[in-house]
$ cat input34.txt   # compact mmCIF, C-alpha atoms
# COMPACT_ATOMS: atom_id res chain seq x y z
CA MET B 1 -21.66 6.68 -3.12
CA ARG B 2 -18.35 5.53 -1.68
CA PHE B 3 -15.89 3.11 -3.20
CA GLU B 4 -14.28 0.28 -1.25
CA ILE B 5 -10.50 0.54 -1.05
CA ILE B 6 -8.70 -2.83 -1.16
CA PHE B 7 -4.99 -3.55 -0.93
CA TYR B 8 -3.85 -6.02 -3.58
CA ASP B 9 -2.38 -9.08 -1.87
CA GLU B 10 0.19 -11.35 -3.44
CA PRO B 11 -0.17 -15.15 -3.12
CA ASP B 12 2.19 -15.05 -0.09
CA GLY B 13 -0.09 -12.53 1.62
CA THR B 14 2.13 -9.46 1.23
CA GLU B 15 0.44 -6.22 0.23
CA PRO B 16 2.90 -4.10 -1.79
CA ALA B 17 0.92 -0.83 -1.58
CA ARG B 18 0.35 -1.15 2.18
CA GLU B 19 4.03 -1.97 2.75
CA PHE B 20 5.04 1.06 0.69
CA ILE B 21 2.73 3.38 2.64
CA ASP B 22 3.96 1.93 5.95
CA SER B 23 7.56 2.67 4.91
CA LEU B 24 6.92 6.42 4.42
CA ASP B 25 7.60 9.14 6.96
CA VAL B 26 4.65 10.32 9.06
CA LYS B 27 3.86 13.47 7.00
CA MET B 28 3.87 11.67 3.65
CA GLN B 29 1.88 8.78 5.12
CA ALA B 30 -0.76 11.20 6.39
CA LYS B 31 -0.95 12.99 3.05
CA LEU B 32 -1.25 9.74 1.09
CA LEU B 33 -3.89 8.34 3.45
CA ARG B 34 -5.90 11.55 2.98
CA GLU B 35 -5.64 11.12 -0.81
CA ILE B 36 -6.86 7.51 -0.43
CA VAL B 37 -9.91 8.82 1.46
CA PHE B 38 -10.56 11.32 -1.40
CA LEU B 39 -10.25 8.43 -3.85
CA GLY B 40 -12.77 6.36 -1.90
CA GLU B 41 -15.20 9.27 -1.85
CA ASN B 42 -14.80 10.28 -5.50
CA GLY B 43 -13.71 7.17 -7.41
CA PRO B 44 -13.18 7.85 -11.12
CA GLU B 45 -14.27 11.48 -10.65
CA LEU B 46 -11.01 12.21 -8.78
CA ARG B 47 -8.73 14.00 -11.23
CA GLU B 48 -5.44 15.88 -11.31
CA PRO B 49 -3.66 16.96 -9.22
CA TYR B 50 -4.74 14.01 -7.04
CA SER B 51 -5.12 11.24 -9.59
CA LYS B 52 -4.17 10.54 -13.18
CA ALA B 53 -4.76 7.73 -15.67
CA ILE B 54 -1.43 6.34 -16.86
CA GLY B 55 -2.75 3.78 -19.36
CA ASP B 56 -3.63 0.06 -19.45
CA SER B 57 -6.49 0.67 -16.94
CA ILE B 58 -3.91 1.77 -14.33
CA PHE B 59 -4.15 5.06 -12.43
CA GLU B 60 -1.77 6.81 -10.07
CA LEU B 61 -2.71 8.50 -6.83
CA ARG B 62 -0.39 11.43 -6.19
CA ALA B 63 0.92 12.91 -2.95
CA LYS B 64 3.52 15.60 -2.44
CA VAL B 65 5.13 16.88 0.76
CA GLY B 66 7.74 19.56 0.17
CA SER B 67 9.91 18.27 -2.67
CA ASP B 68 9.09 14.61 -1.96
CA ILE B 69 6.61 12.97 -4.32
CA SER B 70 4.93 9.61 -3.74
CA ARG B 71 2.65 7.61 -5.99
CA VAL B 72 0.37 4.65 -5.38
CA LEU B 73 -0.92 2.79 -8.45
CA TYR B 74 -4.43 1.37 -8.57
CA PHE B 75 -7.24 0.09 -10.77
CA PHE B 76 -11.02 -0.11 -10.58
CA PHE B 77 -12.88 -3.39 -10.11
CA VAL B 78 -16.59 -4.21 -10.40
CA GLY B 79 -18.78 -3.49 -7.40
CA ARG B 80 -17.30 -0.05 -6.70
CA LYS B 81 -13.93 -1.41 -5.63
CA ILE B 82 -10.55 0.25 -6.00
CA ILE B 83 -7.51 -2.01 -5.78
CA LEU B 84 -4.26 -0.36 -4.63
CA THR B 85 -1.39 -2.32 -6.18
CA ASN B 86 2.02 -0.79 -5.45
CA GLY B 87 3.74 2.48 -4.66
CA PHE B 88 7.00 4.30 -5.19
CA ILE B 89 8.85 7.54 -4.56
CA LYS B 90 8.85 9.56 -7.74
CA LYS B 91 12.31 10.68 -8.82
CA SER B 92 11.83 11.47 -12.51
CA ALA B 93 9.23 13.10 -14.74
CA LYS B 94 7.84 9.77 -15.98
CA THR B 95 6.39 6.90 -13.99
CA PRO B 96 9.06 4.16 -13.90
CA ARG B 97 8.11 1.48 -16.43
CA GLY B 98 8.86 -1.29 -13.94
CA GLU B 99 6.33 0.11 -11.46
CA LYS B 100 3.61 0.38 -14.10
CA GLU B 101 4.41 -3.14 -15.36
CA LYS B 102 4.09 -4.45 -11.79
CA ALA B 103 0.66 -2.82 -11.48
CA ILE B 104 -0.44 -4.31 -14.82
CA LYS B 105 0.76 -7.76 -13.69
CA TYR B 106 -1.02 -7.42 -10.33
CA ARG B 107 -4.22 -6.33 -12.07
CA ALA B 108 -4.13 -9.31 -14.46
CA GLU B 109 -3.49 -11.70 -11.57
CA TYR B 110 -6.29 -10.13 -9.49
CA LEU B 111 -8.76 -10.35 -12.38
CA SER B 112 -7.90 -14.01 -12.99
CA ARG B 113 -8.34 -14.76 -9.27
CA LYS B 114 -11.54 -12.73 -8.69
CA GLY B 115 -13.07 -12.87 -12.17
CA THR B 116 -14.16 -9.88 -14.19
$ encode --input "input34.txt" --output "structure tokens"
Amino acid sequence: MRFEIIFYDEPDGTEPAREFIDSLDVKMQAKLLREIVFLGENGPELREPYSKAIGDSIFELRAKVGSDISRVLYFFFVGRKIILTNGFIKKSAKTPRGEKEKAIKYRAEYLSRKGT
């Protein structure tokens, strides 16, 4: 059974994950969109190398083209929904704390808006 993929939207209507994906070059965009389809088909069953839990109910979706590495952070929501929060180009071994903190903040805001 498929999962619904939803882009988190800020109060002003911007969608950080969508804007990140739109900013990528065509090859990386295609790779990431394919990974999002895999995520929708597999949900929490999708594991490394495609997806990894990074703590605080936040997961990262991983895409690599050549030496370029992109990540989109997401969380699960009731009703078989996956909320894509934000994305970044990975430049170091660890996920930047600021990116994870943003995803945690977006998740908390989404839960308060939509209920648990």
$ residues_near_point --input "input34.txt" --point "(6.2, 8.1, 1.8)" --cutoff "12 Å" --atoms "only C-alpha atoms" --output "ChimeraX atom specification"
/B:17-33,62-72,87-90
$ write_last_selection --input "input34.txt" --atoms "C-alpha atoms" --output "PDB file, in the coordinates of the input"
ATOM      1  CA  ALA B  17       0.920  -0.830  -1.580  1.00  0.00           C
ATOM      2  CA  ARG B  18       0.350  -1.150   2.180  1.00  0.00           C
ATOM      3  CA  GLU B  19       4.030  -1.970   2.750  1.00  0.00           C
ATOM      4  CA  PHE B  20       5.040   1.060   0.690  1.00  0.00           C
ATOM      5  CA  ILE B  21       2.730   3.380   2.640  1.00  0.00           C
ATOM      6  CA  ASP B  22       3.960   1.930   5.950  1.00  0.00           C
ATOM      7  CA  SER B  23       7.560   2.670   4.910  1.00  0.00           C
ATOM      8  CA  LEU B  24       6.920   6.420   4.420  1.00  0.00           C
ATOM      9  CA  ASP B  25       7.600   9.140   6.960  1.00  0.00           C
ATOM     10  CA  VAL B  26       4.650  10.320   9.060  1.00  0.00           C
ATOM     11  CA  LYS B  27       3.860  13.470   7.000  1.00  0.00           C
ATOM     12  CA  MET B  28       3.870  11.670   3.650  1.00  0.00           C
ATOM     13  CA  GLN B  29       1.880   8.780   5.120  1.00  0.00           C
ATOM     14  CA  ALA B  30      -0.760  11.200   6.390  1.00  0.00           C
ATOM     15  CA  LYS B  31      -0.950  12.990   3.050  1.00  0.00           C
ATOM     16  CA  LEU B  32      -1.250   9.740   1.090  1.00  0.00           C
ATOM     17  CA  LEU B  33      -3.890   8.340   3.450  1.00  0.00           C
ATOM     18  CA  ARG B  62      -0.390  11.430  -6.190  1.00  0.00           C
ATOM     19  CA  ALA B  63       0.920  12.910  -2.950  1.00  0.00           C
ATOM     20  CA  LYS B  64       3.520  15.600  -2.440  1.00  0.00           C
ATOM     21  CA  VAL B  65       5.130  16.880   0.760  1.00  0.00           C
ATOM     22  CA  GLY B  66       7.740  19.560   0.170  1.00  0.00           C
ATOM     23  CA  SER B  67       9.910  18.270  -2.670  1.00  0.00           C
ATOM     24  CA  ASP B  68       9.090  14.610  -1.960  1.00  0.00           C
ATOM     25  CA  ILE B  69       6.610  12.970  -4.320  1.00  0.00           C
ATOM     26  CA  SER B  70       4.930   9.610  -3.740  1.00  0.00           C
ATOM     27  CA  ARG B  71       2.650   7.610  -5.990  1.00  0.00           C
ATOM     28  CA  VAL B  72       0.370   4.650  -5.380  1.00  0.00           C
ATOM     29  CA  GLY B  87       3.740   2.480  -4.660  1.00  0.00           C
ATOM     30  CA  PHE B  88       7.000   4.300  -5.190  1.00  0.00           C
ATOM     31  CA  ILE B  89       8.850   7.540  -4.560  1.00  0.00           C
ATOM     32  CA  LYS B  90       8.850   9.560  -7.740  1.00  0.00           C
TER      33      LYS B  90
END
$ residues_around --input "input34.txt" --residues "B:Pro11" --least-positions-apart "6" --cutoff "12 Å" --atoms "all atoms listed in the file" --output "list in words"
Tyr106, Glu109, Tyr110 and Arg113 of chain B
$ residues_around --input "input34.txt" --residues "B:Ile5" --least-positions-apart "3" --cutoff "12 Å" --atoms "only C-alpha atoms" --output "PyMOL selection string"
chain B and resi 2+8+17-18+33+35-43+74-77+79-85
$ closest_residue --input "input34.txt" --among "B:Ala53, B:Leu61, B:Leu73, B:Ile6" --to "B:Gly98" --atoms "all atoms listed in the file"
B:Leu73
$ axis_aligned_box --input "input34.txt" --around "stretch 105-111 of chain B" --padding-each-side "8 Å" --output "JSON"
{"center_x": -4.0, "center_y": -9.0, "center_z": -12.0, "size_x": 25.5, "size_y": 21.4, "size_z": 21.0}
$ atom_distance --input "input34.txt" --atom1 "atom CA of B:Ile104" --atom2 "atom CA of B:Ile58"
7.0 Å
$ residues_around --input "input34.txt" --residues "B:Val78" --least-positions-apart "5" --cutoff "12 Å" --atoms "all atoms listed in the file" --output "number ranges by chain"
B: 3-4, 83, 110-111, 114-116
$ decode --input "input34.txt" --residues "stretch 49-95 of chain B" --atoms "C-alpha atoms" --output "short mmCIF file (atom, residue, chain, number, x, y, z; two decimals), in the first residue's frame"
data_model
loop_
_atom_site.label_atom_id
_atom_site.label_comp_id
_atom_site.auth_asym_id
_atom_site.auth_seq_id
_atom_site.Cartn_x
_atom_site.Cartn_y
_atom_site.Cartn_z
CA PRO B 49 21.36 3.14 1.12
CA TYR B 50 18.17 5.05 0.22
CA SER B 51 16.90 6.12 3.63
CA LYS B 52 18.18 6.35 7.18
CA ALA B 53 16.71 7.33 10.55
CA ILE B 54 18.70 10.22 12.03
CA GLY B 55 16.84 10.53 15.34
CA ASP B 56 13.96 12.55 16.83
CA SER B 57 11.50 10.86 14.40
CA ILE B 58 13.38 12.43 11.46
CA PHE B 59 14.67 10.42 8.50
CA GLU B 60 16.86 11.35 5.56
CA LEU B 61 16.30 10.34 1.96
CA ARG B 62 19.63 9.97 0.20
CA ALA B 63 20.61 10.60 -3.41
CA LYS B 64 24.05 10.55 -4.99
CA VAL B 65 25.15 11.50 -8.50
CA GLY B 66 28.89 11.20 -9.05
CA SER B 67 30.51 12.83 -6.03
CA ASP B 68 27.48 15.06 -5.30
CA ILE B 69 25.28 13.98 -2.40
CA SER B 70 21.84 15.39 -1.64
CA ARG B 71 19.54 14.73 1.28
CA VAL B 72 15.88 15.46 1.91
CA LEU B 73 14.63 15.16 5.49
CA TYR B 74 11.18 13.81 6.28
CA PHE B 75 8.90 12.30 8.91
CA PHE B 76 5.90 9.99 8.97
CA PHE B 77 2.40 11.19 9.82
CA VAL B 78 -0.79 9.24 10.55
CA GLY B 79 -2.82 8.03 7.59
CA ARG B 80 0.17 6.75 5.62
CA LYS B 81 1.58 10.21 4.98
CA ILE B 82 5.22 11.19 4.56
CA ILE B 83 6.06 14.85 5.06
CA LEU B 84 9.18 16.12 3.25
CA THR B 85 10.56 19.02 5.29
CA ASN B 86 13.84 20.38 3.89
CA GLY B 87 16.88 19.41 1.89
CA PHE B 88 20.57 20.15 1.58
CA ILE B 89 23.74 19.25 -0.28
CA LYS B 90 25.84 17.02 1.93
CA LYS B 91 29.39 18.26 2.37
CA SER B 92 30.52 16.46 5.53
CA ALA B 93 30.17 13.03 7.12
CA LYS B 94 27.46 14.16 9.55
CA THR B 95 24.09 15.72 8.82
#
